[in-house]
Amino acid sequence: MNAPRTRVQRRPVHGVLLLDKPLGLSSNQALQRAKWLLRAEKAGHTGTLDPLATGVLPLCFGAATKFSQLHLDADKTYEATVRLGVKTSTGDAEGEVIAERDVQVTTADLARVQAKFTGPIRQVPPMHSALKKDGKPLYEYAREGIDIERAPRDVTVYQLTLTETTRTAERTVIGLTATVSKGTYIRTLGEDIGEALGCGAHLTSLRRTATGDFDVSQCVTLEALEAMSEDERLAQLLPAESLVAGHGRVTLGAEDAARFLSGLRRRGDWANATDVAVFGSAPEAFLGTAHVTANELIPGRLLNPIEIQQILLNAPVLPLLCETTS
């Protein structure tokens with residue numbers, strides 16, 4: 001007879017956990033583990049990492065989920081190992097070998113291909129991806145042996161470094177480090193590099209080392225998180241405003257903060273700006289995002305008063321934060 005499952009008492013948790021996702025877990029599996037450990041009511045992640053990939057996976061909790069899209073769009077940096085001369089059905093080590101070729105690659109060849117794939121490029125998204133056709137992920141079609149025509153995408157490889165790491169009679173492996181724009185598939189980049197080298201290739205490992213301003217050195221592992229006390233786990237969270245660190249900053253007084261939170265525009269001596277993080281000053285609290293046009297601060301994504309009070313850790317209720325008068 002199975003032992004009864006322990007019921008977890010959920011609670012409001014707000015902030016960003018920088019997780020070093022382990023090998024073998026999907027992004028959602030890692031999210032659910034962290035959500036359980038924090039006993040959080042609401043959580044989401046900022047873009048997926050394949051089960052065979054490790055590294056930076058920002059997890060958003062509570063109010064921070066409202067700003068997760070900003071890191072879906074962020075530039076990212078990856079480190080990968082690429083085996084030359086062997087193509088697989090998935091572009092990585094999970095797939096079946098579909099072709100093998102001799103490898104005759106020189107340092108000059110690597111430099112030539114590195115230059116070719118640095119800058120704006122076009123990629124055809126892989127069949128083994130979460131992109132959808134008629135509401136169904138492409139990888140499901142791939143499992144059924146169905147190939148769907150995919151339109152090429154324009155992406156940018158800002159920096160690319162290719163280095164030979166292993167060359168034996170059995171295998172040649174190169175290291176790949178790339179900083180890329182959103183929507184770039186590193187598996188596809190590895191495959192395309194292999195084709196440009198005339199031998200084919202597939203990824204044998206993939207690690208995301210940075211997304212936006214977040215770096216793997218800031219991350220915590222699930223194993224470390226499990227060993228912590230609840231207070232220590234909560235201490236790992238960055239505030240929700242860490243997701244908008246690149247925005248300009250506007251600080252409002254209590255009356256303007258309350259009206260801004262109710263969705264009303266505010267007028268002030270502000271320069272035009274596309275992305276602004278807005279704070280209240282009494283007490284200092286992150287209110288949400290906005291943009292400025294013609295001296296008007298126009299609300300974007302906003303926290304609600306309850307979320308703000310919870311973030312302020314049981315600070316007294318501020319009547320002006322709850323006002324909705326015009």
# chains A, B, ... in the order shown; residues from 1 in each chain; ligands from 1

$ closest_atom_pairs --of "region 176-283 of chain A" --to "region 46-70 of chain A" --cutoff "8 Å" --atoms "only C-alpha atoms" --output "Markdown table"
| residue | atom | partner | partner_atom | distance |
| --- | --- | --- | --- | --- |
| A:Ser205 | CA | A:Ala53 | CA | 6.7 |
| A:Leu206 | CA | A:Ala53 | CA | 4.8 |
| A:Arg207 | CA | A:Thr54 | CA | 4.7 |
| A:Arg208 | CA | A:Gly55 | CA | 4.6 |
| A:Thr209 | CA | A:Gly55 | CA | 5.8 |
| A:Ala210 | CA | A:Val56 | CA | 6.1 |
| A:Thr211 | CA | A:Val56 | CA | 6.9 |
| A:Phe214 | CA | A:Val56 | CA | 7.7 |
| A:Asp215 | CA | A:Val56 | CA | 6.9 |
| A:Val216 | CA | A:Val56 | CA | 5.4 |
| A:Cys219 | CA | A:Val56 | CA | 6.8 |
| A:Pro239 | CA | A:Ala64 | CA | 7.8 |
| A:Ala240 | CA | A:Ala64 | CA | 4.6 |
| A:Glu241 | CA | A:Ala64 | CA | 7.7 |
| A:Leu243 | CA | A:Phe67 | CA | 6.6 |
| A:Val244 | CA | A:Leu70 | CA | 7.7 |

$ closest_atom_pairs --of "region 33-86 of chain A" --to "region 101-125 of chain A" --cutoff "7 Å" --atoms "only C-alpha atoms" --output "Markdown table"
| residue | atom | partner | partner_atom | distance |
| --- | --- | --- | --- | --- |
| A:Leu84 | CA | A:Val103 | CA | 6.8 |
| A:Gly85 | CA | A:Arg101 | CA | 4.8 |
| A:Val86 | CA | A:Arg101 | CA | 6.6 |

$ write_last_selection --atoms "N, CA and C atoms" --output "PDB file, in the first residue's frame"
ATOM      1  N   LEU A  84      31.931  16.326 -35.176  1.00  0.00           N
ATOM      2  CA  LEU A  84      31.940  16.433 -36.631  1.00  0.00           C
ATOM      3  C   LEU A  84      31.888  15.051 -37.270  1.00  0.00           C
ATOM      4  N   GLY A  85      31.343  14.992 -38.475  1.00  0.00           N
ATOM      5  CA  GLY A  85      31.350  13.754 -39.255  1.00  0.00           C
ATOM      6  C   GLY A  85      30.183  12.829 -39.021  1.00  0.00           C
ATOM      7  N   VAL A  86      29.301  13.163 -38.051  1.00  0.00           N
ATOM      8  CA  VAL A  86      28.156  12.309 -37.749  1.00  0.00           C
ATOM      9  C   VAL A  86      26.913  13.181 -37.648  1.00  0.00           C
TER      10      VAL A  86
END

$ atom_distance --atom1 "CA of Thr177 (chain A)" --atom2 "CA of Glu191 (chain A)"
14.4 Å

$ closest_residue --among "A:Leu297, A:Val250, A:Ala151, A:Ala282" --to "Gly263 (chain A)" --atoms "only C-alpha atoms"
A:Leu297

$ closest_residue --among "A:Arg265, A:His14, A:Lys132, A:Lys182" --to "His71 (chain A)" --atoms "only C-alpha atoms"
A:Lys182

$ closest_residue --among "A:Glu230, A:Glu255, A:Glu79, A:Glu284" --to "Leu160 (chain A)" --atoms "only C-alpha atoms"
A:Glu79

$ residues_around --residues "Ala235 (chain A)" --least-positions-apart "4" --cutoff "12 Å" --atoms "only C-alpha atoms" --output "mmCIF file with N, CA and C atoms, in the first residue's frame"
data_model
loop_
_atom_site.group_PDB
_atom_site.id
_atom_site.type_symbol
_atom_site.label_atom_id
_atom_site.label_comp_id
_atom_site.auth_asym_id
_atom_site.auth_seq_id
_atom_site.Cartn_x
_atom_site.Cartn_y
_atom_site.Cartn_z
ATOM 1 N N VAL A 13 4.715 33.710 -3.083
ATOM 2 C CA VAL A 13 6.165 33.913 -3.193
ATOM 3 C C VAL A 13 6.402 34.779 -4.417
ATOM 4 N N HIS A 14 7.203 35.823 -4.276
ATOM 5 C CA HIS A 14 7.447 36.750 -5.377
ATOM 6 C C HIS A 14 8.949 36.902 -5.599
ATOM 7 N N GLY A 15 9.381 36.773 -6.845
ATOM 8 C CA GLY A 15 10.792 36.986 -7.153
ATOM 9 C C GLY A 15 11.274 36.082 -8.266
ATOM 10 N N VAL A 16 12.572 36.098 -8.475
ATOM 11 C CA VAL A 16 13.212 35.369 -9.572
ATOM 12 C C VAL A 16 14.281 34.452 -8.994
ATOM 13 N N LEU A 17 14.198 33.176 -9.327
ATOM 14 C CA LEU A 17 15.213 32.214 -8.925
ATOM 15 C C LEU A 17 16.047 31.868 -10.151
ATOM 16 N N LEU A 18 17.338 32.088 -10.057
ATOM 17 C CA LEU A 18 18.238 31.731 -11.156
ATOM 18 C C LEU A 18 18.702 30.299 -10.923
ATOM 19 N N LEU A 38 9.796 25.764 -2.751
ATOM 20 C CA LEU A 38 9.483 27.096 -2.228
ATOM 21 C C LEU A 38 8.037 27.207 -1.742
ATOM 22 N N VAL A 220 21.773 28.784 -8.728
ATOM 23 C CA VAL A 220 21.780 27.756 -7.698
ATOM 24 C C VAL A 220 21.283 26.452 -8.325
ATOM 25 N N LEU A 225 19.511 23.712 -3.492
ATOM 26 C CA LEU A 225 18.248 24.256 -2.998
ATOM 27 C C LEU A 225 17.569 23.272 -2.048
ATOM 28 N N MET A 228 18.816 23.330 1.553
ATOM 29 C CA MET A 228 18.650 24.569 2.309
ATOM 30 C C MET A 228 17.403 24.530 3.181
ATOM 31 N N SER A 229 17.387 25.398 4.169
ATOM 32 C CA SER A 229 16.172 25.642 4.948
ATOM 33 C C SER A 229 15.235 26.510 4.105
ATOM 34 N N GLU A 230 13.995 26.639 4.544
ATOM 35 C CA GLU A 230 13.035 27.457 3.798
ATOM 36 C C GLU A 230 13.497 28.907 3.710
ATOM 37 N N ASP A 231 13.997 29.457 4.799
ATOM 38 C CA ASP A 231 14.466 30.847 4.783
ATOM 39 C C ASP A 231 15.638 31.011 3.818
ATOM 40 N N PRO A 239 14.617 40.148 -6.569
ATOM 41 C CA PRO A 239 13.329 40.842 -6.652
ATOM 42 C C PRO A 239 12.799 40.870 -8.083
#

$ residues_around --residues "Arg33 (chain A)" --least-positions-apart "6" --cutoff "12 Å" --atoms "only C-alpha atoms" --output "PyMOL selection string"
chain A and resi 19+21-22+25-27+39-40+43-44+59+221-223+225-226

$ residues_around --residues "Val173 (chain A)" --least-positions-apart "4" --cutoff "7 Å" --atoms "only C-alpha atoms" --output "MDAnalysis selection string"
chainID A and resid 81:84 164:167

$ select_by_dssp --residues "region 96-260 of chain A" --states "strand (DSSP E or B)" --output "count of residues only"
57

$ residues_around --residues "Ala285 (chain A)" --least-positions-apart "4" --cutoff "12 Å" --atoms "only C-alpha atoms" --output "NGL selection string"
:A and (239-241 or 250-254 or 257-258 or 261 or 277-281 or 302-305 or 307-313 or 315 or 318 or 321)

$ closest_residue --among "A:Ala273, A:His45, A:His291, A:Asp213" --to "Ser242 (chain A)" --atoms "only C-alpha atoms"
A:Asp213

$ residues_around --residues "Asp147 (chain A)" --least-positions-apart "6" --cutoff "9 Å" --atoms "only C-alpha atoms" --output "list in words"
Met127, Leu138 and Tyr141 of chain A

$ atom_distance --atom1 "CA of Thr163 (chain A)" --atom2 "CA of Leu176 (chain A)"
6.7 Å

$ closest_residue --among "A:Asn295, A:Pro152, A:Gly24, A:Gln9" --to "Glu41 (chain A)" --atoms "only C-alpha atoms"
A:Gln9

$ atom_distance --atom1 "CA of Leu287 (chain A)" --atom2 "CA of Asn28 (chain A)"
28.1 Å

$ decode --residues "region 53-97 of chain A" --atoms "C-alpha atoms" --output "PDB file, in the first residue's frame"
ATOM      1  CA  ALA A  53      20.888  21.076 -21.987  1.00  0.00           C
ATOM      2  CA  THR A  54      22.016  22.565 -18.678  1.00  0.00           C
ATOM      3  CA  GLY A  55      22.547  26.060 -17.367  1.00  0.00           C
ATOM      4  CA  VAL A  56      20.798  29.351 -16.738  1.00  0.00           C
ATOM      5  CA  LEU A  57      17.033  29.014 -16.378  1.00  0.00           C
ATOM      6  CA  PRO A  58      15.404  32.026 -14.690  1.00  0.00           C
ATOM      7  CA  LEU A  59      12.274  30.922 -12.830  1.00  0.00           C
ATOM      8  CA  CYS A  60       9.652  33.545 -12.002  1.00  0.00           C
ATOM      9  CA  PHE A  61       7.360  33.409  -8.993  1.00  0.00           C
ATOM     10  CA  GLY A  62       4.257  35.426  -8.192  1.00  0.00           C
ATOM     11  CA  ALA A  63       4.431  39.022  -9.393  1.00  0.00           C
ATOM     12  CA  ALA A  64       7.636  38.325 -11.328  1.00  0.00           C
ATOM     13  CA  THR A  65       5.714  36.122 -13.805  1.00  0.00           C
ATOM     14  CA  LYS A  66       4.211  39.316 -15.244  1.00  0.00           C
ATOM     15  CA  PHE A  67       7.631  40.278 -16.614  1.00  0.00           C
ATOM     16  CA  SER A  68       8.927  36.883 -17.775  1.00  0.00           C
ATOM     17  CA  GLN A  69       8.400  37.763 -21.459  1.00  0.00           C
ATOM     18  CA  LEU A  70      11.269  40.243 -21.196  1.00  0.00           C
ATOM     19  CA  HIS A  71      13.719  37.361 -20.787  1.00  0.00           C
ATOM     20  CA  LEU A  72      12.116  35.244 -23.474  1.00  0.00           C
ATOM     21  CA  ASP A  73      13.293  38.034 -25.756  1.00  0.00           C
ATOM     22  CA  ALA A  74      16.769  38.416 -24.187  1.00  0.00           C
ATOM     23  CA  ASP A  75      20.052  37.576 -25.915  1.00  0.00           C
ATOM     24  CA  LYS A  76      21.604  34.341 -24.687  1.00  0.00           C
ATOM     25  CA  THR A  77      25.060  32.769 -24.506  1.00  0.00           C
ATOM     26  CA  TYR A  78      25.738  29.060 -24.944  1.00  0.00           C
ATOM     27  CA  GLU A  79      28.665  26.667 -24.757  1.00  0.00           C
ATOM     28  CA  ALA A  80      28.378  23.454 -26.764  1.00  0.00           C
ATOM     29  CA  THR A  81      30.438  20.536 -27.968  1.00  0.00           C
ATOM     30  CA  VAL A  82      29.904  19.466 -31.552  1.00  0.00           C
ATOM     31  CA  ARG A  83      30.938  16.116 -32.995  1.00  0.00           C
ATOM     32  CA  LEU A  84      31.940  16.433 -36.631  1.00  0.00           C
ATOM     33  CA  GLY A  85      31.350  13.754 -39.255  1.00  0.00           C
ATOM     34  CA  VAL A  86      28.156  12.309 -37.749  1.00  0.00           C
ATOM     35  CA  LYS A  87      24.624  13.559 -38.416  1.00  0.00           C
ATOM     36  CA  THR A  88      21.665  12.496 -36.285  1.00  0.00           C
ATOM     37  CA  SER A  89      17.919  12.691 -36.768  1.00  0.00           C
ATOM     38  CA  THR A  90      17.543  15.266 -33.997  1.00  0.00           C
ATOM     39  CA  GLY A  91      20.752  17.249 -34.354  1.00  0.00           C
ATOM     40  CA  ASP A  92      21.910  16.068 -30.936  1.00  0.00           C
ATOM     41  CA  ALA A  93      23.060  12.908 -29.178  1.00  0.00           C
ATOM     42  CA  GLU A  94      19.475  11.707 -28.565  1.00  0.00           C
ATOM     43  CA  GLY A  95      18.796  11.017 -32.237  1.00  0.00           C
ATOM     44  CA  GLU A  96      19.628   8.105 -34.494  1.00  0.00           C
ATOM     45  CA  VAL A  97      22.720   8.339 -36.689  1.00  0.00           C
TER      46      VAL A  97
END
